[in-house]
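Okay, my_file21.csv now, which holds CSV, C-alpha atoms:
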chain,number,residue,atom,x,y,z
A,33,MET,CA,-23.1,-1.7,-28.9
A,34,ASN,CA,-23.8,-0.8,-25.3
A,35,LYS,CA,-21.0,0.4,-23.0
A,36,ILE,CA,-20.1,-2.4,-20.6
A,37,ILE,CA,-17.8,-1.9,-17.6
A,38,THR,CA,-16.8,-5.0,-15.6
A,39,ILE,CA,-15.3,-4.8,-12.1
A,40,SER,CA,-13.2,-7.6,-10.7
A,41,ARG,CA,-12.0,-6.9,-7.2
A,42,GLU,CA,-10.1,-8.1,-4.2
A,43,PHE,CA,-12.3,-8.6,-1.1
A,44,GLY,CA,-12.2,-5.5,1.0
A,45,SER,CA,-10.8,-3.3,-1.8
A,46,GLY,CA,-14.1,-1.3,-2.1
A,47,GLY,CA,-14.6,-2.6,-5.7
A,48,ARG,CA,-18.3,-3.3,-5.2
A,49,GLU,CA,-18.8,0.3,-3.9
A,50,LEU,CA,-16.8,1.6,-6.8
A,51,GLY,CA,-18.9,-0.3,-9.2
A,52,ARG,CA,-22.2,0.8,-7.7
A,53,ARG,CA,-21.2,4.5,-7.5
A,54,LEU,CA,-19.8,4.4,-11.0
A,55,ALA,CA,-23.1,3.1,-12.3
A,56,GLU,CA,-24.9,5.8,-10.4
A,57,TYR,CA,-22.6,8.5,-11.7
A,58,LEU,CA,-22.9,7.4,-15.3
A,59,GLY,CA,-26.5,6.5,-15.2
A,60,TYR,CA,-25.7,2.9,-16.2
A,61,ALA,CA,-27.5,-0.2,-15.0
A,62,TYR,CA,-25.8,-1.9,-12.1
A,63,TYR,CA,-25.6,-5.7,-11.7
A,64,ASP,CA,-24.1,-7.6,-8.9
A,65,LYS,CA,-26.2,-9.9,-6.7
A,66,GLU,CA,-28.9,-9.3,-9.4
A,67,VAL,CA,-27.1,-11.9,-11.5
A,68,ILE,CA,-27.6,-14.5,-8.7
A,69,SER,CA,-31.3,-13.7,-8.4
A,70,GLU,CA,-31.8,-14.0,-12.1
A,71,ILE,CA,-30.0,-17.3,-12.3
A,72,ALA,CA,-32.0,-18.7,-9.4
A,73,LYS,CA,-35.2,-17.6,-11.0
A,74,ASN,CA,-34.4,-19.2,-14.3
A,75,THR,CA,-33.1,-22.5,-12.9
A,76,SER,CA,-35.6,-22.8,-10.0
A,77,LEU,CA,-32.6,-23.2,-7.6
A,78,SER,CA,-32.3,-21.2,-4.4
A,79,GLU,CA,-30.3,-18.0,-4.4
A,80,GLN,CA,-28.3,-19.4,-1.6
A,81,TYR,CA,-27.3,-22.5,-3.6
A,82,VAL,CA,-26.5,-20.5,-6.7
A,83,GLN,CA,-24.3,-18.2,-4.6
A,84,GLN,CA,-22.5,-21.1,-3.0
A,85,VAL,CA,-21.7,-22.6,-6.4
A,86,THR,CA,-20.6,-19.4,-8.0
A,87,GLU,CA,-18.7,-18.0,-5.1
A,88,LYS,CA,-17.6,-20.5,-2.6
A,89,ASN,CA,-17.5,-24.2,-3.5
A,90,GLN,CA,-16.0,-25.1,-6.8
A,91,SER,CA,-14.7,-28.4,-5.7
A,92,LEU,CA,-17.8,-30.1,-7.1
A,93,LEU,CA,-16.5,-29.5,-10.5
A,94,TYR,CA,-13.3,-31.4,-10.1
A,95,PRO,CA,-13.1,-35.0,-11.2
A,96,ILE,CA,-11.6,-37.3,-8.6
A,97,THR,CA,-9.1,-39.9,-9.8
A,98,VAL,CA,-9.7,-43.3,-8.2
A,99,ALA,CA,-7.6,-46.4,-9.3
A,100,GLN,CA,-6.8,-44.9,-12.7
A,101,THR,CA,-10.4,-44.2,-13.6
A,102,PHE,CA,-12.4,-41.0,-13.3
A,103,CYS,CA,-15.5,-40.8,-11.3
A,104,TYR,CA,-17.4,-37.8,-10.0
A,105,TYR,CA,-18.0,-36.9,-6.5
A,106,ASP,CA,-21.6,-36.3,-7.1
A,107,MET,CA,-22.9,-36.3,-10.7
A,108,TYR,CA,-26.1,-34.5,-9.7
A,109,ALA,CA,-24.1,-31.6,-8.1
A,110,VAL,CA,-21.8,-31.4,-11.2
A,111,HIS,CA,-24.8,-31.2,-13.4
A,112,GLN,CA,-26.3,-28.5,-11.3
A,113,THR,CA,-23.1,-26.6,-11.4
A,114,GLN,CA,-22.9,-26.8,-15.1
A,115,LYS,CA,-26.5,-25.6,-15.4
A,116,ILE,CA,-25.7,-22.6,-13.2
A,117,PHE,CA,-22.6,-21.7,-15.3
A,118,SER,CA,-24.5,-22.0,-18.5
A,119,GLU,CA,-27.3,-19.8,-17.1
A,120,GLN,CA,-24.8,-17.3,-15.8
A,121,GLU,CA,-23.5,-16.8,-19.4
A,122,LYS,CA,-27.0,-16.4,-20.7
A,123,VAL,CA,-28.0,-13.9,-18.0
A,124,LEU,CA,-24.9,-11.8,-18.4
A,125,LYS,CA,-25.3,-11.6,-22.1
A,126,GLN,CA,-28.9,-10.5,-21.8
A,127,MET,CA,-27.8,-7.8,-19.4
A,128,ALA,CA,-25.1,-6.6,-21.7
A,129,GLU,CA,-27.5,-6.4,-24.6
A,130,LYS,CA,-30.2,-4.5,-22.6
A,131,SER,CA,-28.3,-1.2,-21.9
A,132,ASN,CA,-25.0,0.3,-20.8
A,133,CYS,CA,-24.1,-1.3,-17.5
A,134,VAL,CA,-21.6,-2.0,-14.8
A,135,ILE,CA,-21.2,-5.6,-13.7
A,136,VAL,CA,-19.4,-6.6,-10.6
A,137,GLY,CA,-17.7,-10.0,-10.5
A,138,ARG,CA,-19.2,-13.2,-12.0
A,139,CYS,CA,-16.3,-13.5,-14.5
A,140,ALA,CA,-18.2,-11.0,-16.6
A,141,ASP,CA,-14.9,-9.7,-18.1
A,142,TYR,CA,-14.3,-13.1,-19.6
A,143,ILE,CA,-17.9,-14.1,-20.4
A,144,LEU,CA,-18.6,-10.8,-22.2
A,145,LYS,CA,-15.3,-10.5,-24.1
A,146,ASP,CA,-17.2,-10.3,-27.4
A,147,TYR,CA,-19.0,-7.2,-26.1
A,148,ASN,CA,-15.7,-5.4,-25.7
A,149,PRO,CA,-16.2,-4.5,-22.1
A,150,PHE,CA,-13.9,-2.1,-20.3
A,151,LYS,CA,-12.3,-4.3,-17.7
A,152,ILE,CA,-11.3,-2.9,-14.3
A,153,PHE,CA,-9.5,-4.7,-11.5
A,154,VAL,CA,-9.7,-3.1,-8.0
A,155,TYR,CA,-7.1,-4.0,-5.4
A,156,SER,CA,-5.5,-2.5,-2.4
A,157,ASP,CA,-2.9,-3.3,0.3
A,158,LYS,CA,-3.7,-5.7,3.1
A,159,GLN,CA,-4.0,-3.0,5.8
A,160,SER,CA,-6.5,-0.9,3.8
A,161,LYS,CA,-8.6,-4.0,3.1
A,162,ILE,CA,-8.7,-5.0,6.8
A,163,LYS,CA,-9.5,-1.4,7.8
A,164,ARG,CA,-12.3,-1.1,5.2
A,165,CYS,CA,-13.8,-4.5,6.2
A,166,PHE,CA,-13.6,-3.8,9.9
A,167,ASN,CA,-15.2,-0.3,9.6
A,168,LYS,CA,-18.0,-1.7,7.4
A,169,ARG,CA,-18.8,-4.6,9.6
A,170,ALA,CA,-18.5,-2.7,12.9
A,171,LYS,CA,-20.9,-0.1,11.4
A,172,ASP,CA,-23.3,-2.9,10.6
A,173,GLY,CA,-23.1,-3.9,14.3
A,174,GLU,CA,-21.3,-7.2,13.6
A,175,ASP,CA,-19.1,-8.6,16.4
A,176,ILE,CA,-15.8,-8.8,14.4
A,177,THR,CA,-12.1,-9.1,15.1
A,178,GLU,CA,-9.1,-8.3,13.0
A,179,LYS,CA,-8.1,-12.0,13.1
A,180,LYS,CA,-11.5,-13.0,11.7
A,181,ILE,CA,-11.2,-10.4,8.9
A,182,LYS,CA,-7.8,-11.6,7.9
A,183,LYS,CA,-9.2,-15.1,7.6
A,184,PHE,CA,-12.1,-13.9,5.4
A,185,LEU,CA,-9.7,-11.9,3.2
A,186,LYS,CA,-7.6,-15.0,2.6
A,187,ASN,CA,-10.5,-17.4,2.0
A,188,ILE,CA,-12.7,-15.3,-0.1
A,189,ASP,CA,-10.0,-14.2,-2.5
A,190,LYS,CA,-8.7,-17.7,-2.7
A,191,GLY,CA,-12.2,-18.8,-3.8
A,192,ARG,CA,-12.5,-16.0,-6.3
A,193,SER,CA,-9.1,-16.8,-7.7
A,194,ARG,CA,-10.0,-20.5,-8.0
A,195,PHE,CA,-13.4,-19.9,-9.5
A,196,TYR,CA,-12.0,-17.4,-12.1
A,197,SER,CA,-9.1,-19.7,-13.0
A,198,LEU,CA,-11.4,-22.7,-13.4
A,199,TYR,CA,-14.0,-20.9,-15.4
A,200,THR,CA,-11.7,-18.8,-17.7
A,201,GLY,CA,-8.4,-20.6,-17.8
A,202,GLN,CA,-6.8,-17.2,-16.9
A,203,THR,CA,-5.1,-16.0,-13.8
A,204,TRP,CA,-7.2,-13.8,-11.5
A,205,GLY,CA,-5.7,-10.4,-10.9
A,206,ASP,CA,-3.1,-10.7,-13.7
A,207,LYS,CA,-2.9,-7.2,-15.1
A,208,LEU,CA,-3.0,-8.4,-18.7
A,209,ASN,CA,-6.6,-9.6,-18.3
A,210,TYR,CA,-7.8,-6.0,-17.5
A,211,ASP,CA,-7.7,-2.6,-19.2
A,212,MET,CA,-7.1,-0.8,-16.0
A,213,CYS,CA,-6.1,-1.7,-12.4
A,214,ILE,CA,-7.0,0.7,-9.6
A,215,ASN,CA,-5.3,0.7,-6.2
A,216,THR,CA,-7.7,1.8,-3.6
A,217,SER,CA,-5.3,1.8,-0.6
A,218,ASN,CA,-6.0,4.8,1.5
A,219,VAL,CA,-8.5,6.1,-1.1
A,220,VAL,CA,-12.0,7.3,-0.3
A,221,ILE,CA,-14.0,5.5,-3.1
A,222,LYS,CA,-16.6,8.2,-3.6
A,223,ASP,CA,-13.9,10.8,-4.2
A,224,ILE,CA,-12.4,8.9,-7.1
A,225,VAL,CA,-15.6,7.9,-8.8
A,226,PRO,CA,-16.1,11.1,-10.9
A,227,HIS,CA,-12.5,10.8,-12.1
A,228,ILE,CA,-12.9,7.2,-13.2
A,229,GLY,CA,-16.4,7.9,-14.5
A,230,ASP,CA,-15.3,10.8,-16.7
A,231,ILE,CA,-13.1,8.3,-18.7
A,232,PHE,CA,-16.4,6.9,-20.1
A,233,LYS,CA,-18.0,10.3,-21.0
B,9,MET,CA,3.0,20.4,-2.7
B,10,ASN,CA,3.4,20.0,-6.5
B,11,LYS,CA,1.5,17.4,-8.4
B,12,ILE,CA,3.9,14.6,-9.4
B,13,ILE,CA,3.0,11.8,-11.8
B,14,THR,CA,5.5,9.0,-12.2
B,15,ILE,CA,5.3,6.6,-15.2
B,16,SER,CA,6.9,3.2,-15.0
B,17,ARG,CA,6.4,1.2,-18.2
B,18,GLU,CA,7.2,-2.0,-20.1
B,19,PHE,CA,9.3,-1.4,-23.1
B,20,GLY,CA,7.1,-1.0,-26.2
B,21,SER,CA,4.0,-0.2,-24.2
B,22,GLY,CA,3.9,3.4,-25.2
B,23,GLY,CA,4.5,4.6,-21.7
B,24,ARG,CA,7.0,7.2,-22.7
B,25,GLU,CA,4.6,8.7,-25.3
B,26,LEU,CA,1.8,8.6,-22.7
B,27,GLY,CA,4.0,10.5,-20.2
B,28,ARG,CA,5.0,13.1,-22.7
B,29,ARG,CA,1.5,13.7,-24.0
B,30,LEU,CA,0.1,13.7,-20.5
B,31,ALA,CA,2.6,16.4,-19.5
B,32,GLU,CA,1.6,18.5,-22.6
B,33,TYR,CA,-2.1,18.0,-21.9
B,34,LEU,CA,-1.7,19.1,-18.3
B,35,GLY,CA,0.9,21.8,-18.8
B,36,TYR,CA,3.2,20.0,-16.4
B,37,ALA,CA,7.0,19.8,-16.8
B,38,TYR,CA,8.2,16.5,-18.4
B,39,TYR,CA,11.3,14.7,-17.4
B,40,ASP,CA,12.7,11.6,-19.0
B,41,LYS,CA,16.2,11.7,-20.6
B,42,GLU,CA,16.6,15.1,-18.9
B,43,VAL,CA,17.3,13.3,-15.7
B,44,ILE,CA,20.3,11.6,-17.3
B,45,SER,CA,21.6,14.9,-18.8
B,46,GLU,CA,21.3,16.6,-15.4
B,47,ILE,CA,23.2,13.8,-13.6
B,48,ALA,CA,25.9,13.8,-16.2
B,49,LYS,CA,26.3,17.6,-15.9
B,50,ASN,CA,26.5,17.4,-12.1
B,51,THR,CA,28.9,14.4,-11.9
B,52,SER,CA,31.1,15.3,-14.9
B,53,LEU,CA,30.4,11.8,-16.3
B,54,SER,CA,29.3,11.3,-19.9
B,55,GLU,CA,25.6,10.9,-20.6
B,56,GLN,CA,26.3,7.6,-22.2
B,57,TYR,CA,28.0,6.2,-19.1
B,58,VAL,CA,25.2,7.5,-16.8
B,59,GLN,CA,22.6,5.9,-19.1
B,60,GLN,CA,24.5,2.6,-19.1
B,61,VAL,CA,24.7,2.5,-15.3
B,62,THR,CA,21.0,3.5,-14.7
B,63,GLU,CA,19.5,1.4,-17.5
B,64,LYS,CA,21.7,-1.4,-18.6
B,65,ASN,CA,24.5,-2.7,-16.5
B,66,GLN,CA,23.8,-3.1,-12.8
B,67,SER,CA,26.2,-6.0,-12.3
B,68,LEU,CA,28.8,-3.6,-11.1
B,69,LEU,CA,26.9,-3.2,-8.0
B,70,TYR,CA,27.0,-6.9,-7.0
B,71,PRO,CA,29.7,-8.0,-4.6
B,72,ILE,CA,31.4,-11.2,-5.8
B,73,THR,CA,32.1,-13.9,-3.2
B,74,VAL,CA,35.6,-15.4,-3.5
B,75,ALA,CA,36.9,-18.0,-1.0
B,76,GLN,CA,34.5,-16.8,1.7
B,77,THR,CA,35.5,-13.2,1.5
B,78,PHE,CA,33.9,-10.4,-0.3
B,79,CYS,CA,35.7,-8.4,-2.9
B,80,TYR,CA,34.4,-6.1,-5.5
B,81,TYR,CA,34.7,-6.5,-9.2
B,82,ASP,CA,35.9,-3.0,-9.7
B,83,MET,CA,35.8,-0.6,-6.7
B,84,TYR,CA,36.1,2.4,-9.0
B,85,ALA,CA,33.0,1.4,-11.0
B,86,VAL,CA,31.1,0.7,-7.8
B,87,HIS,CA,32.0,4.1,-6.5
B,88,GLN,CA,30.8,5.7,-9.7
B,89,THR,CA,27.6,3.8,-9.6
B,90,GLN,CA,26.8,4.9,-6.1
B,91,LYS,CA,27.7,8.5,-7.0
B,92,ILE,CA,25.2,8.3,-9.9
B,93,PHE,CA,22.5,6.8,-7.8
B,94,SER,CA,22.9,9.5,-5.2
B,95,GLU,CA,22.9,12.2,-7.8
B,96,GLN,CA,19.8,10.7,-9.3
B,97,GLU,CA,17.9,11.1,-6.0
B,98,LYS,CA,19.1,14.7,-5.7
B,99,VAL,CA,18.1,15.6,-9.3
B,100,LEU,CA,14.6,14.0,-9.0
B,101,LYS,CA,13.9,15.7,-5.7
B,102,GLN,CA,14.9,19.1,-7.2
B,103,MET,CA,12.6,18.5,-10.2
B,104,ALA,CA,9.7,17.5,-7.9
B,105,GLU,CA,10.2,20.7,-5.8
B,106,LYS,CA,10.3,22.9,-8.9
B,107,SER,CA,6.8,22.4,-10.4
B,108,ASN,CA,4.1,20.0,-11.2
B,109,CYS,CA,5.7,17.3,-13.4
B,110,VAL,CA,5.5,14.0,-15.1
B,111,ILE,CA,8.6,11.8,-14.7
B,112,VAL,CA,9.2,8.7,-16.8
B,113,GLY,CA,11.2,5.8,-15.3
B,114,ARG,CA,14.3,6.3,-13.0
B,115,CYS,CA,12.6,4.7,-10.1
B,116,ALA,CA,10.9,8.0,-9.4
B,117,ASP,CA,7.9,6.4,-7.9
B,118,TYR,CA,10.1,5.0,-5.1
B,119,ILE,CA,12.6,7.9,-4.8
B,120,LEU,CA,9.9,10.5,-4.6
B,121,LYS,CA,7.6,8.6,-2.2
B,122,ASP,CA,7.6,11.4,0.3
B,123,TYR,CA,6.2,13.7,-2.3
B,124,ASN,CA,3.1,11.6,-2.7
B,125,PRO,CA,3.3,11.0,-6.4
B,126,PHE,CA,0.5,9.5,-8.5
B,127,LYS,CA,2.2,6.3,-9.7
B,128,ILE,CA,1.2,4.8,-13.1
B,129,PHE,CA,2.4,1.6,-14.6
B,130,VAL,CA,1.9,1.2,-18.3
B,131,TYR,CA,1.9,-2.3,-19.8
B,132,SER,CA,0.5,-4.2,-22.8
B,133,ASP,CA,0.4,-7.6,-24.4
B,134,LYS,CA,3.4,-8.9,-26.3
B,135,GLN,CA,1.9,-8.6,-29.8
B,136,SER,CA,1.0,-4.9,-29.2
B,137,LYS,CA,4.5,-4.2,-27.9
B,138,ILE,CA,6.1,-5.8,-30.9
B,139,LYS,CA,3.8,-4.0,-33.3
B,140,ARG,CA,4.4,-0.6,-31.6
B,141,CYS,CA,8.2,-1.0,-31.6
B,142,PHE,CA,8.2,-2.3,-35.2
B,143,ASN,CA,6.2,0.6,-36.5
B,144,LYS,CA,8.2,3.2,-34.6
B,145,ARG,CA,11.6,1.8,-35.7
B,146,ALA,CA,10.5,1.2,-39.3
B,147,LYS,CA,9.2,4.8,-39.4
B,148,ASP,CA,12.6,5.9,-38.2
B,149,GLY,CA,14.2,4.0,-41.2
B,150,GLU,CA,15.8,1.4,-39.0
B,151,ASP,CA,16.4,-2.0,-40.5
B,152,ILE,CA,14.6,-4.1,-38.0
B,153,THR,CA,13.1,-7.6,-37.7
B,154,GLU,CA,10.5,-9.0,-35.4
B,155,LYS,CA,13.1,-11.4,-34.0
B,156,LYS,CA,15.3,-8.5,-33.0
B,157,ILE,CA,12.4,-6.7,-31.4
B,158,LYS,CA,11.5,-9.7,-29.3
B,159,LYS,CA,15.1,-9.9,-28.0
B,160,PHE,CA,15.0,-6.1,-27.2
B,161,LEU,CA,11.7,-6.5,-25.3
B,162,LYS,CA,13.1,-9.3,-23.2
B,163,ASN,CA,16.4,-7.7,-22.5
B,164,ILE,CA,15.3,-4.2,-21.8
B,165,ASP,CA,12.5,-5.2,-19.4
B,166,LYS,CA,14.8,-7.6,-17.7
B,167,GLY,CA,17.2,-4.8,-17.1
B,168,ARG,CA,14.5,-2.5,-15.8
B,169,SER,CA,13.2,-5.1,-13.5
B,170,ARG,CA,16.6,-5.9,-12.1
B,171,PHE,CA,17.5,-2.2,-11.7
B,172,TYR,CA,14.2,-1.5,-9.9
B,173,SER,CA,14.5,-4.4,-7.6
B,174,LEU,CA,18.1,-3.6,-6.7
B,175,TYR,CA,17.3,0.0,-6.1
B,176,THR,CA,14.0,-0.2,-4.3
B,177,GLY,CA,13.8,-3.7,-2.9
B,178,GLN,CA,10.4,-4.0,-4.5
B,179,THR,CA,9.1,-6.0,-7.5
B,180,TRP,CA,8.9,-4.1,-10.8
B,181,GLY,CA,5.4,-4.2,-12.2
B,182,ASP,CA,3.8,-5.5,-9.0
B,183,LYS,CA,0.4,-3.7,-9.0
B,184,LEU,CA,0.7,-2.8,-5.3
B,185,ASN,CA,3.6,-0.4,-6.0
B,186,TYR,CA,1.4,1.7,-8.3
B,187,ASP,CA,-1.8,3.7,-7.9
B,188,MET,CA,-3.0,2.8,-11.4
B,189,CYS,CA,-2.0,0.3,-14.0
B,190,ILE,CA,-3.0,1.0,-17.6
B,191,ASN,CA,-3.1,-1.6,-20.4
B,192,THR,CA,-2.3,-0.1,-23.7
B,193,SER,CA,-2.8,-3.2,-25.9
B,194,ASN,CA,-4.6,-2.1,-29.1
B,195,VAL,CA,-4.9,1.4,-27.7
B,196,VAL,CA,-3.9,4.6,-29.5
B,197,ILE,CA,-2.0,6.5,-26.9
B,198,LYS,CA,-3.1,10.0,-27.9
B,199,ASP,CA,-6.7,9.0,-27.7
B,200,ILE,CA,-6.6,8.0,-24.0
B,201,VAL,CA,-4.5,11.0,-22.8
B,202,PRO,CA,-7.4,13.4,-22.2
B,203,HIS,CA,-9.2,10.7,-20.2
B,204,ILE,CA,-6.2,10.0,-18.1
B,205,GLY,CA,-5.3,13.6,-17.9
B,206,ASP,CA,-8.7,14.7,-16.6
B,207,ILE,CA,-8.1,12.5,-13.5
B,208,PHE,CA,-5.7,15.2,-12.4
B,209,LYS,CA,-7.9,18.3,-13.1

Structure translated into structure tokens:
Amino acid sequence: MNKIITISREFGSGGRELGRRLAEYLGYAYYDKEVISEIAKNTSLSEQYVQQVTEKNQSLLYPITVAQTFCYYDMYAVHQTQKIFSEQEKVLKQMAEKSNCVIVGRCADYILKDYNPFKIFVYSDKQSKIKRCFNKRAKDGEDITEKKIKKFLKNIDKGRSRFYSLYTGQTWGDKLNYDMCINTSNVVIKDIVPHIGDIFK
Amino acid sequence: MNKIITISREFGSGGRELGRRLAEYLGYAYYDKEVISEIAKNTSLSEQYVQQVTEKNQSLLYPITVAQTFCYYDMYAVHQTQKIFSEQEKVLKQMAEKSNCVIVGRCADYILKDYNPFKIFVYSDKQSKIKRCFNKRAKDGEDITEKKIKKFLKNIDKGRSRFYSLYTGQTWGDKLNYDMCINTSNVVIKDIVPHIGDIFK
């Protein structure tokens, strides 16, 4: 069976960078946004729409109670969402069967549980997350303020938590769902990658 | 500065074994019950009493409100408890200054924060903890039942949590207080020690 490492992460914790560098260090395949592209290709939906459903707007999935009966906000949207979820499972399993790999996000820890992945959760304190986000966005030339970043942090992690909970029935970030949790507060990601990577050698 | 690794752990998670084997693997000093012995020696209190105060009975520290005034349950006991706490800090700092070391429990992660320790929290799922405890005690020839073990697990971790919170003002087991959290569910401790140990090489 291939070696699968899944990375779940708080926004701004450097989890994506850790995943990418870990894959490079180990010579494993790396999947992150590639999952979105693959789903979009297979479902003929736009990448933007797939990303929105899997990362941002899960409310479409909730039934709304009206006068003691259940109706759906938009049956077409619900159908599309279910189609995307089902495709996501298929795509992740294909990736897991192809080769050793690192997969960031996408509830891969849960979806691939039969493949016995090593599940990592990456987190850090608020100040480190703000600093990391600020530096990255400022470097990319974005006009950003600390206030905006704080809002991002809150909203994005709220979305991730809701999505994970909805999809898996588990609590996002609960230690028990992961094999290892890594605190990246005041840590330079590239410095810790060889240490983490050697666990898998 | 010496390398200090602190291990906090859930009862039955194998954290003590992990700490001991990690110290052996790295050639570091190992401190666990040694802290109790040292405090007892320095305070002329019995090891049993010191252990009780630092592990089991913290209620002596709480002021009791009676008719809008504060009185203490037992001033002598409170004084002894404070003496033990103060000595614990002194002993841990002496150990940290002596050589590289692994320290299990004793709020060392908090007390030694100025020494920049690497803080590990070891945890596992309930079934693994029960199994680990059962096997260990049955091996030691103890007449034990699963029901008794469940009670132990609950009470001991409750005590540790209360002690940690009282002493540090932080939440025991909260990921943010540790650099790394390791899930030992279905894990053979001695098999993971070289992987964890190599992080420090």

Could you please select, counting only C-alpha atoms, the residues of chain A within 8 Å of chain B and state them as a PDB file with C-alpha atoms, in the frame of the given file?
ATOM      1  CA  TYR A 155      -7.100  -4.000  -5.400  1.00  0.00           C
ATOM      2  CA  SER A 156      -5.500  -2.500  -2.400  1.00  0.00           C
ATOM      3  CA  ASP A 157      -2.900  -3.300   0.300  1.00  0.00           C
ATOM      4  CA  LYS A 207      -2.900  -7.200 -15.100  1.00  0.00           C
ATOM      5  CA  LEU A 208      -3.000  -8.400 -18.700  1.00  0.00           C
ATOM      6  CA  TYR A 210      -7.800  -6.000 -17.500  1.00  0.00           C
ATOM      7  CA  ASP A 211      -7.700  -2.600 -19.200  1.00  0.00           C
ATOM      8  CA  MET A 212      -7.100  -0.800 -16.000  1.00  0.00           C
ATOM      9  CA  CYS A 213      -6.100  -1.700 -12.400  1.00  0.00           C
ATOM     10  CA  ILE A 214      -7.000   0.700  -9.600  1.00  0.00           C
ATOM     11  CA  ASN A 215      -5.300   0.700  -6.200  1.00  0.00           C
ATOM     12  CA  THR A 216      -7.700   1.800  -3.600  1.00  0.00           C
ATOM     13  CA  HIS A 227     -12.500  10.800 -12.100  1.00  0.00           C
ATOM     14  CA  ILE A 228     -12.900   7.200 -13.200  1.00  0.00           C
ATOM     15  CA  ASP A 230     -15.300  10.800 -16.700  1.00  0.00           C
ATOM     16  CA  ILE A 231     -13.100   8.300 -18.700  1.00  0.00           C
TER      17      ILE A 231
END

Practice task
Would you kindly identify which residues have an atom no farther than 6 Å from (1.6, 17.2, -14.5), using all atoms listed in the file and the file's own coordinates, and write them out as a list in words?
Solution key: Ala31, Leu34, Tyr36, Asn108, Cys109 and Val110 of chain B

Exercise for the section: One decimal, Å: what's the distance from atom CA of Ala48 of chain B over to atom CA of Thr14 of chain B, could you say? Expected result: 21.3 Å

Practice task
Could you jot down the atom CA of Ser45 of chain A to atom CA of Leu120 of chain B separation for me, Å, one decimal place?
Solution key: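 Taking atom CA of Ser45 of chain A as the start and atom CA of Leu120 of chain B as the end point, the length is 25.0 Å.
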
Problem - Proximity to Leu161 of chain B - best of B:Glu18, B:Glu46, B:Asp148, B:His87, all atoms listed in the file - result: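 Among B:Glu18, B:Glu46, B:Asp148, B:His87, it is B:Glu18 that comes nearest to Leu161 of chain B.
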
Completion exercise
Here atom CA of Tyr81 of chain A and atom CA of Cys139 of chain A stand apart by 17.9 Å

Exercise for the section: Within 7 Å of Val58 of chain B, counting all atoms listed in the file, which residues show up once you throw out same-chain ones fewer than 5 positions away? Write them as a ChimeraX atom specification, please. Expected result: /B:44,48,53,92

Could you please take those selected residues and save C-alpha atoms as an mmCIF file, in the frame of the given file?
data_model
loop_
_atom_site.group_PDB
_atom_site.id
_atom_site.type_symbol
_atom_site.label_atom_id
_atom_site.label_comp_id
_atom_site.auth_asym_id
_atom_site.auth_seq_id
_atom_site.Cartn_x
_atom_site.Cartn_y
_atom_site.Cartn_z
ATOM 1 C CA ILE B 44 20.300 11.600 -17.300
ATOM 2 C CA ALA B 48 25.900 13.800 -16.200
ATOM 3 C CA LEU B 53 30.400 11.800 -16.300
ATOM 4 C CA ILE B 92 25.200 8.300 -9.900
#
